[in-house]
Amino acid sequence: MTLEEFNAVEEQQVESAERMQAAGKALEELLSSAQRQHCLTVGVYESAKVMNVDPDSVVLCLLASDEQDEGDIALQIHFTLIQAFCCDNDINIVRVNDIQRLVEIVGNAADNEEPKDMHCILVTNPSQDSWKDPALEKLGVFCEESRCTNQWVPSISFPER
């Protein structure tokens, strides 16, 4: 490997890290904004219901897991089915490996409620023109660029606090 090739690889890695960090920040902003607008659906089963009834309202699907979920076959099957549905319906989809951070951003159940299932979160838009968010546009570009590199379900990391 020549010095020029090494520098090119190094530049690509820095660019990729910056792109990932920007996508993580955009995702964090989008989730906060969508929650304020009441445009979030949280939970695998709740998300499946929304996608079955009104798939055109879904603008982003977020699949989340952590190390504890690696061996959960049922969850992995749900993820596979959700990914297939999203691909068939042109819904952008991303993965996150930090459920605890999602709980901090989206919040969890009230004291008297059962904890929410954070494995699948949908961002919905009830009508096409009612809610535009720059963070959603950034994530759309990130997903499109990822698909161009054959990364159909890109993973995003949240920025350090």
# chains A, B, ... in the order shown; residues from 1 in each chain; ligands from 1

call {"tool": "residues_around", "arguments": {"residues": "Phe142 (chain A)", "least_positions_apart": "5", "cutoff": "9 Å", "atoms": "only C-alpha atoms", "output": "compact mmCIF listing (two decimals) with N, CA, C and O atoms, in the first residue's frame"}}
result
# COMPACT_ATOMS: atom_id res chain seq x y z
N ARG A 19 -19.73 11.12 9.39
CA ARG A 19 -21.06 10.86 8.84
C ARG A 19 -21.92 10.12 9.86
O ARG A 19 -23.09 10.45 10.06
N MET A 20 -21.33 9.15 10.54
CA MET A 20 -22.03 8.38 11.56
C MET A 20 -22.42 9.28 12.73
O MET A 20 -23.54 9.20 13.24
N ALA A 23 -25.30 11.48 11.72
CA ALA A 23 -26.54 10.70 11.67
C ALA A 23 -27.06 10.42 13.07
O ALA A 23 -28.27 10.49 13.32
N GLU A 137 -34.76 14.65 7.14
CA GLU A 137 -34.14 14.75 5.82
C GLU A 137 -32.69 14.27 5.86
O GLU A 137 -32.24 13.56 4.96
N ARG A 147 -27.48 2.75 1.37
CA ARG A 147 -27.96 1.77 0.39
C ARG A 147 -27.06 1.74 -0.84
O ARG A 147 -26.86 0.69 -1.45
N PRO A 154 -28.49 0.38 7.86
CA PRO A 154 -27.29 0.94 8.50
C PRO A 154 -27.45 1.03 10.02
O PRO A 154 -28.56 1.21 10.54

call {"tool": "residues_around", "arguments": {"residues": "region 50-52 of chain A", "least_positions_apart": "6", "cutoff": "12 Å", "atoms": "only C-alpha atoms", "output": "PDB file with C-alpha atoms, in the first residue's frame"}}
result
ATOM      1  CA  CYS A  39     -45.434  10.988  15.938  1.00  0.00           C
ATOM      2  CA  LEU A  40     -43.720   8.022  17.642  1.00  0.00           C
ATOM      3  CA  THR A  41     -44.922   4.465  17.920  1.00  0.00           C
ATOM      4  CA  VAL A  42     -42.927   2.435  20.423  1.00  0.00           C
ATOM      5  CA  GLY A  43     -42.877  -1.370  20.565  1.00  0.00           C
ATOM      6  CA  VAL A  44     -42.631  -4.273  18.123  1.00  0.00           C
ATOM      7  CA  VAL A  58     -44.332   5.614   8.449  1.00  0.00           C
ATOM      8  CA  VAL A  59     -41.280   7.705   7.546  1.00  0.00           C
ATOM      9  CA  LEU A  60     -38.589   5.892   9.563  1.00  0.00           C
ATOM     10  CA  CYS A  61     -38.259   2.589  11.381  1.00  0.00           C
ATOM     11  CA  LEU A  81     -40.004  -9.463   9.060  1.00  0.00           C
ATOM     12  CA  ILE A  82     -40.057  -5.733   9.874  1.00  0.00           C
ATOM     13  CA  GLN A  83     -37.006  -5.131   7.669  1.00  0.00           C
ATOM     14  CA  ALA A  84     -38.650  -6.978   4.770  1.00  0.00           C
ATOM     15  CA  PHE A  85     -41.848  -4.974   5.196  1.00  0.00           C
ATOM     16  CA  CYS A  86     -39.914  -1.704   5.294  1.00  0.00           C
ATOM     17  CA  ASP A  88     -41.177  -3.529   0.322  1.00  0.00           C
ATOM     18  CA  ASN A  89     -42.807  -0.229   1.330  1.00  0.00           C
ATOM     19  CA  ASP A  90     -39.807   2.104   0.814  1.00  0.00           C
ATOM     20  CA  ILE A  91     -39.518   2.931   4.510  1.00  0.00           C
ATOM     21  CA  CYS A 120     -38.839  -1.064  17.482  1.00  0.00           C
ATOM     22  CA  ILE A 121     -39.753   2.604  17.156  1.00  0.00           C
ATOM     23  CA  LEU A 122     -41.599   4.126  14.225  1.00  0.00           C
ATOM     24  CA  VAL A 123     -41.585   7.765  13.292  1.00  0.00           C
ATOM     25  CA  THR A 124     -44.891   8.516  11.608  1.00  0.00           C
ATOM     26  CA  ASN A 125     -46.252  11.438   9.671  1.00  0.00           C
ATOM     27  CA  PRO A 126     -50.052  11.516   9.668  1.00  0.00           C
TER      28      PRO A 126
END

call {"tool": "residues_around", "arguments": {"residues": "Leu63 (chain A)", "least_positions_apart": "5", "cutoff": "8 Å", "atoms": "only C-alpha atoms", "output": "PyMOL selection string"}}
result
chain A and resi 79+93-96+119-121

call {"tool": "residues_around", "arguments": {"residues": "Lys25 (chain A)", "least_positions_apart": "6", "cutoff": "9 Å", "atoms": "only C-alpha atoms", "output": "ChimeraX atom specification"}}
result
/A:135,157-159

call {"tool": "atom_distance", "arguments": {"atom1": "CA of Ala48 (chain A)", "atom2": "CA of Asn150 (chain A)"}}
result
25.5 Å

call {"tool": "closest_residue", "arguments": {"among": "A:Leu62, A:Ile99, A:Ala17, A:Cys143", "to": "Leu31 (chain A)", "atoms": "only C-alpha atoms"}}
result
A:Leu62

call {"tool": "atom_distance", "arguments": {"atom1": "CA of Ile105 (chain A)", "atom2": "CA of Gln35 (chain A)"}}
result
9.3 Å

call {"tool": "select_by_dssp", "arguments": {"residues": "region 13-151 of chain A", "states": "helix (DSSP H, G or I)", "output": "short mmCIF file (atom, residue, chain, number, x, y, z; two decimals) with N, CA and C atoms, in the first residue's frame"}}
result
data_model
loop_
_atom_site.label_atom_id
_atom_site.label_comp_id
_atom_site.auth_asym_id
_atom_site.auth_seq_id
_atom_site.Cartn_x
_atom_site.Cartn_y
_atom_site.Cartn_z
N GLN A 13 -12.11 6.71 6.48
CA GLN A 13 -12.51 6.32 7.83
C GLN A 13 -12.94 7.54 8.65
N VAL A 14 -12.23 8.65 8.52
CA VAL A 14 -12.59 9.87 9.24
C VAL A 14 -13.94 10.39 8.72
N GLU A 15 -14.11 10.38 7.40
CA GLU A 15 -15.37 10.83 6.80
C GLU A 15 -16.53 9.94 7.25
N SER A 16 -16.30 8.65 7.31
CA SER A 16 -17.33 7.71 7.74
C SER A 16 -17.71 7.95 9.21
N ALA A 17 -16.73 8.19 10.04
CA ALA A 17 -16.99 8.45 11.46
C ALA A 17 -17.77 9.76 11.63
N GLU A 18 -17.40 10.78 10.86
CA GLU A 18 -18.11 12.06 10.93
C GLU A 18 -19.55 11.90 10.44
N ARG A 19 -19.73 11.12 9.39
CA ARG A 19 -21.06 10.86 8.84
C ARG A 19 -21.92 10.12 9.86
N MET A 20 -21.33 9.15 10.54
CA MET A 20 -22.03 8.38 11.56
C MET A 20 -22.42 9.28 12.73
N GLN A 21 -21.52 10.14 13.14
CA GLN A 21 -21.80 11.04 14.26
C GLN A 21 -22.92 12.02 13.89
N ALA A 22 -22.89 12.53 12.68
CA ALA A 22 -23.94 13.45 12.23
C ALA A 22 -25.29 12.73 12.18
N ALA A 23 -25.30 11.48 11.72
CA ALA A 23 -26.54 10.70 11.67
C ALA A 23 -27.06 10.42 13.07
N GLY A 24 -26.17 10.13 14.01
CA GLY A 24 -26.58 9.88 15.39
C GLY A 24 -27.19 11.12 16.02
N LYS A 25 -26.60 12.27 15.75
CA LYS A 25 -27.15 13.54 16.27
C LYS A 25 -28.50 13.82 15.64
N ALA A 26 -28.62 13.59 14.34
CA ALA A 26 -29.89 13.81 13.64
C ALA A 26 -30.97 12.87 14.19
N LEU A 27 -30.61 11.62 14.46
CA LEU A 27 -31.57 10.67 15.01
C LEU A 27 -32.06 11.12 16.38
N GLU A 28 -31.13 11.56 17.20
CA GLU A 28 -31.50 12.05 18.54
C GLU A 28 -32.46 13.24 18.43
N GLU A 29 -32.15 14.19 17.53
CA GLU A 29 -33.02 15.35 17.34
C GLU A 29 -34.39 14.93 16.81
N LEU A 30 -34.40 14.00 15.86
CA LEU A 30 -35.65 13.55 15.27
C LEU A 30 -36.54 12.87 16.30
N LEU A 31 -35.97 12.00 17.12
CA LEU A 31 -36.77 11.31 18.13
C LEU A 31 -37.38 12.29 19.12
N SER A 32 -36.61 13.27 19.54
CA SER A 32 -37.13 14.28 20.47
C SER A 32 -38.26 15.08 19.82
N SER A 33 -38.04 15.51 18.60
CA SER A 33 -39.03 16.30 17.88
C SER A 33 -40.29 15.48 17.61
N ALA A 34 -40.12 14.23 17.17
CA ALA A 34 -41.27 13.37 16.87
C ALA A 34 -42.08 13.08 18.13
N GLN A 35 -41.41 12.96 19.24
CA GLN A 35 -42.12 12.71 20.49
C GLN A 35 -42.98 13.92 20.86
N ARG A 36 -42.43 15.11 20.69
CA ARG A 36 -43.20 16.32 20.98
C ARG A 36 -44.41 16.45 20.06
N VAL A 44 -42.58 -3.41 19.31
CA VAL A 44 -42.63 -4.27 18.12
C VAL A 44 -44.07 -4.50 17.68
N TYR A 45 -44.94 -4.90 18.60
CA TYR A 45 -46.32 -5.22 18.23
C TYR A 45 -47.10 -3.97 17.85
N GLU A 46 -46.89 -2.88 18.58
CA GLU A 46 -47.55 -1.62 18.26
C GLU A 46 -47.13 -1.14 16.87
N SER A 47 -45.84 -1.28 16.57
CA SER A 47 -45.32 -0.87 15.26
C SER A 47 -45.89 -1.72 14.15
N ALA A 48 -45.99 -3.02 14.39
CA ALA A 48 -46.56 -3.92 13.38
C ALA A 48 -48.00 -3.53 13.07
N LYS A 49 -48.76 -3.15 14.09
CA LYS A 49 -50.15 -2.73 13.88
C LYS A 49 -50.20 -1.49 13.00
N VAL A 50 -49.36 -0.50 13.31
CA VAL A 50 -49.36 0.74 12.52
C VAL A 50 -48.96 0.45 11.08
N MET A 51 -47.92 -0.36 10.89
CA MET A 51 -47.46 -0.66 9.53
C MET A 51 -48.52 -1.44 8.75
N ASN A 52 -49.31 -2.25 9.42
CA ASN A 52 -50.36 -3.01 8.77
C ASN A 52 -51.52 -2.11 8.35
N VAL A 53 -51.89 -1.17 9.22
CA VAL A 53 -53.03 -0.31 8.97
C VAL A 53 -52.70 0.84 8.02
N PRO A 55 -49.20 1.95 6.33
CA PRO A 55 -47.75 1.97 6.08
C PRO A 55 -47.27 3.27 5.44
N ASP A 56 -48.15 3.99 4.76
CA ASP A 56 -47.74 5.24 4.12
C ASP A 56 -47.43 6.34 5.12
N SER A 57 -47.90 6.19 6.36
CA SER A 57 -47.64 7.21 7.38
C SER A 57 -46.27 7.03 8.03
N GLU A 67 -26.58 -6.15 23.70
CA GLU A 67 -25.90 -7.44 23.80
C GLU A 67 -26.80 -8.54 24.35
N GLN A 68 -27.71 -8.20 25.25
CA GLN A 68 -28.60 -9.19 25.84
C GLN A 68 -29.55 -9.79 24.81
N ASP A 69 -29.85 -9.04 23.75
CA ASP A 69 -30.82 -9.48 22.75
C ASP A 69 -30.22 -10.33 21.64
N ILE A 73 -34.02 -15.33 19.54
CA ILE A 73 -34.40 -15.75 18.19
C ILE A 73 -35.72 -15.11 17.78
N ALA A 74 -36.69 -15.05 18.69
CA ALA A 74 -38.00 -14.46 18.36
C ALA A 74 -37.83 -12.99 17.95
N LEU A 75 -37.01 -12.26 18.68
CA LEU A 75 -36.78 -10.86 18.35
C LEU A 75 -36.10 -10.73 16.99
N GLN A 76 -35.14 -11.60 16.72
CA GLN A 76 -34.44 -11.54 15.43
C GLN A 76 -35.40 -11.85 14.28
N ILE A 77 -36.36 -12.75 14.49
CA ILE A 77 -37.37 -13.05 13.47
C ILE A 77 -38.26 -11.83 13.25
N HIS A 78 -38.68 -11.19 14.35
CA HIS A 78 -39.47 -9.96 14.22
C HIS A 78 -38.70 -8.91 13.42
N PHE A 79 -37.43 -8.74 13.73
CA PHE A 79 -36.60 -7.76 13.02
C PHE A 79 -36.54 -8.08 11.52
N THR A 80 -36.37 -9.35 11.20
CA THR A 80 -36.28 -9.76 9.80
C THR A 80 -37.58 -9.44 9.06
N LEU A 81 -38.71 -9.74 9.69
CA LEU A 81 -40.00 -9.46 9.06
C LEU A 81 -40.24 -7.95 8.92
N ILE A 82 -39.89 -7.19 9.94
CA ILE A 82 -40.06 -5.73 9.87
C ILE A 82 -39.16 -5.14 8.79
N GLN A 83 -37.92 -5.62 8.70
CA GLN A 83 -37.01 -5.13 7.67
C GLN A 83 -37.56 -5.41 6.28
N ALA A 84 -38.08 -6.62 6.07
CA ALA A 84 -38.65 -6.98 4.77
C ALA A 84 -39.83 -6.07 4.44
N PHE A 85 -40.69 -5.84 5.41
CA PHE A 85 -41.85 -4.97 5.20
C PHE A 85 -41.40 -3.56 4.83
N CYS A 86 -40.42 -3.05 5.56
CA CYS A 86 -39.91 -1.70 5.29
C CYS A 86 -39.31 -1.60 3.90
N CYS A 87 -38.56 -2.60 3.50
CA CYS A 87 -37.96 -2.60 2.16
C CYS A 87 -39.05 -2.62 1.09
N ASP A 88 -40.08 -3.44 1.29
CA ASP A 88 -41.18 -3.53 0.32
C ASP A 88 -41.98 -2.24 0.23
N ILE A 99 -30.11 0.63 23.70
CA ILE A 99 -31.48 0.76 24.19
C ILE A 99 -31.54 1.73 25.37
N GLN A 100 -30.55 1.70 26.24
CA GLN A 100 -30.55 2.59 27.39
C GLN A 100 -30.57 4.05 26.96
N ARG A 101 -29.84 4.38 25.93
CA ARG A 101 -29.83 5.76 25.42
C ARG A 101 -31.20 6.11 24.82
N LEU A 102 -31.84 5.15 24.16
CA LEU A 102 -33.18 5.38 23.64
C LEU A 102 -34.16 5.68 24.77
N VAL A 103 -34.04 4.95 25.87
CA VAL A 103 -34.91 5.18 27.03
C VAL A 103 -34.71 6.61 27.53
N GLU A 104 -33.47 7.08 27.55
CA GLU A 104 -33.19 8.45 27.99
C GLU A 104 -33.82 9.48 27.05
N ILE A 105 -33.78 9.22 25.76
CA ILE A 105 -34.29 10.18 24.78
C ILE A 105 -35.82 10.14 24.72
N VAL A 106 -36.36 8.95 24.58
CA VAL A 106 -37.80 8.78 24.37
C VAL A 106 -38.56 8.70 25.68
N PRO A 134 -35.77 18.83 9.55
CA PRO A 134 -34.46 18.73 8.89
C PRO A 134 -33.69 17.48 9.30
N ALA A 135 -33.88 17.04 10.54
CA ALA A 135 -33.19 15.83 11.00
C ALA A 135 -33.68 14.61 10.22
N LEU A 136 -34.98 14.58 9.90
CA LEU A 136 -35.52 13.47 9.11
C LEU A 136 -34.92 13.47 7.71
N GLU A 137 -34.76 14.65 7.14
CA GLU A 137 -34.14 14.75 5.82
C GLU A 137 -32.69 14.27 5.86
N LYS A 138 -31.94 14.64 6.91
CA LYS A 138 -30.55 14.19 7.05
C LYS A 138 -30.48 12.68 7.15
N LEU A 139 -31.39 12.09 7.92
CA LEU A 139 -31.40 10.63 8.06
C LEU A 139 -31.80 9.96 6.75
N GLY A 140 -32.69 10.57 6.02
CA GLY A 140 -33.06 10.03 4.71
C GLY A 140 -31.87 9.98 3.77
N VAL A 141 -31.07 11.05 3.77
CA VAL A 141 -29.85 11.09 2.94
C VAL A 141 -28.86 10.04 3.42
N PHE A 142 -28.72 9.92 4.75
CA PHE A 142 -27.81 8.92 5.32
C PHE A 142 -28.23 7.51 4.88
N CYS A 143 -29.51 7.21 4.95
CA CYS A 143 -30.01 5.88 4.55
C CYS A 143 -29.79 5.65 3.06
N GLU A 144 -30.04 6.67 2.25
CA GLU A 144 -29.85 6.54 0.81
C GLU A 144 -28.38 6.29 0.47
N GLU A 145 -27.49 7.06 1.10
CA GLU A 145 -26.05 6.86 0.87
C GLU A 145 -25.62 5.47 1.33
N SER A 146 -26.18 5.00 2.42
CA SER A 146 -25.83 3.66 2.92
C SER A 146 -26.29 2.59 1.95
N ARG A 147 -27.48 2.75 1.37
CA ARG A 147 -27.96 1.77 0.39
C ARG A 147 -27.06 1.74 -0.84
N CYS A 148 -26.49 2.89 -1.21
CA CYS A 148 -25.59 2.95 -2.36
C CYS A 148 -24.32 2.14 -2.12
#

call {"tool": "decode", "arguments": {"residues": "region 67-111 of chain A", "atoms": "C-alpha atoms", "output": "CSV table (one decimal), in the first residue's frame"}}
result
chain,number,residue,atom,x,y,z
A,67,GLU,CA,-25.9,-7.4,23.8
A,68,GLN,CA,-28.6,-9.2,25.8
A,69,ASP,CA,-30.8,-9.5,22.7
A,70,GLU,CA,-28.2,-11.2,20.5
A,71,GLY,CA,-29.6,-14.7,21.4
A,72,ASP,CA,-33.3,-13.8,21.3
A,73,ILE,CA,-34.4,-15.7,18.2
A,74,ALA,CA,-38.0,-14.5,18.4
A,75,LEU,CA,-36.8,-10.9,18.4
A,76,GLN,CA,-34.4,-11.5,15.4
A,77,ILE,CA,-37.4,-13.0,13.5
A,78,HIS,CA,-39.5,-10.0,14.2
A,79,PHE,CA,-36.6,-7.8,13.0
A,80,THR,CA,-36.3,-9.8,9.8
A,81,LEU,CA,-40.0,-9.5,9.1
A,82,ILE,CA,-40.1,-5.7,9.9
A,83,GLN,CA,-37.0,-5.1,7.7
A,84,ALA,CA,-38.7,-7.0,4.8
A,85,PHE,CA,-41.8,-5.0,5.2
A,86,CYS,CA,-39.9,-1.7,5.3
A,87,CYS,CA,-38.0,-2.6,2.2
A,88,ASP,CA,-41.2,-3.5,0.3
A,89,ASN,CA,-42.8,-0.2,1.3
A,90,ASP,CA,-39.8,2.1,0.8
A,91,ILE,CA,-39.5,2.9,4.5
A,92,ASN,CA,-36.1,4.0,5.7
A,93,ILE,CA,-34.8,1.7,8.4
A,94,VAL,CA,-31.8,2.0,10.8
A,95,ARG,CA,-30.4,0.0,13.7
A,96,VAL,CA,-29.2,1.2,17.0
A,97,ASN,CA,-27.3,-0.8,19.6
A,98,ASP,CA,-28.0,1.4,22.7
A,99,ILE,CA,-31.5,0.8,24.2
A,100,GLN,CA,-30.5,2.6,27.4
A,101,ARG,CA,-29.8,5.8,25.4
A,102,LEU,CA,-33.2,5.4,23.6
A,103,VAL,CA,-34.9,5.2,27.0
A,104,GLU,CA,-33.2,8.4,28.0
A,105,ILE,CA,-34.3,10.2,24.8
A,106,VAL,CA,-37.8,8.8,24.4
A,107,GLY,CA,-38.5,8.1,28.0
A,108,ASN,CA,-40.1,5.0,29.5
A,109,ALA,CA,-43.3,4.1,31.1
A,110,ALA,CA,-44.8,6.0,34.1
A,111,ASP,CA,-44.4,4.5,37.5
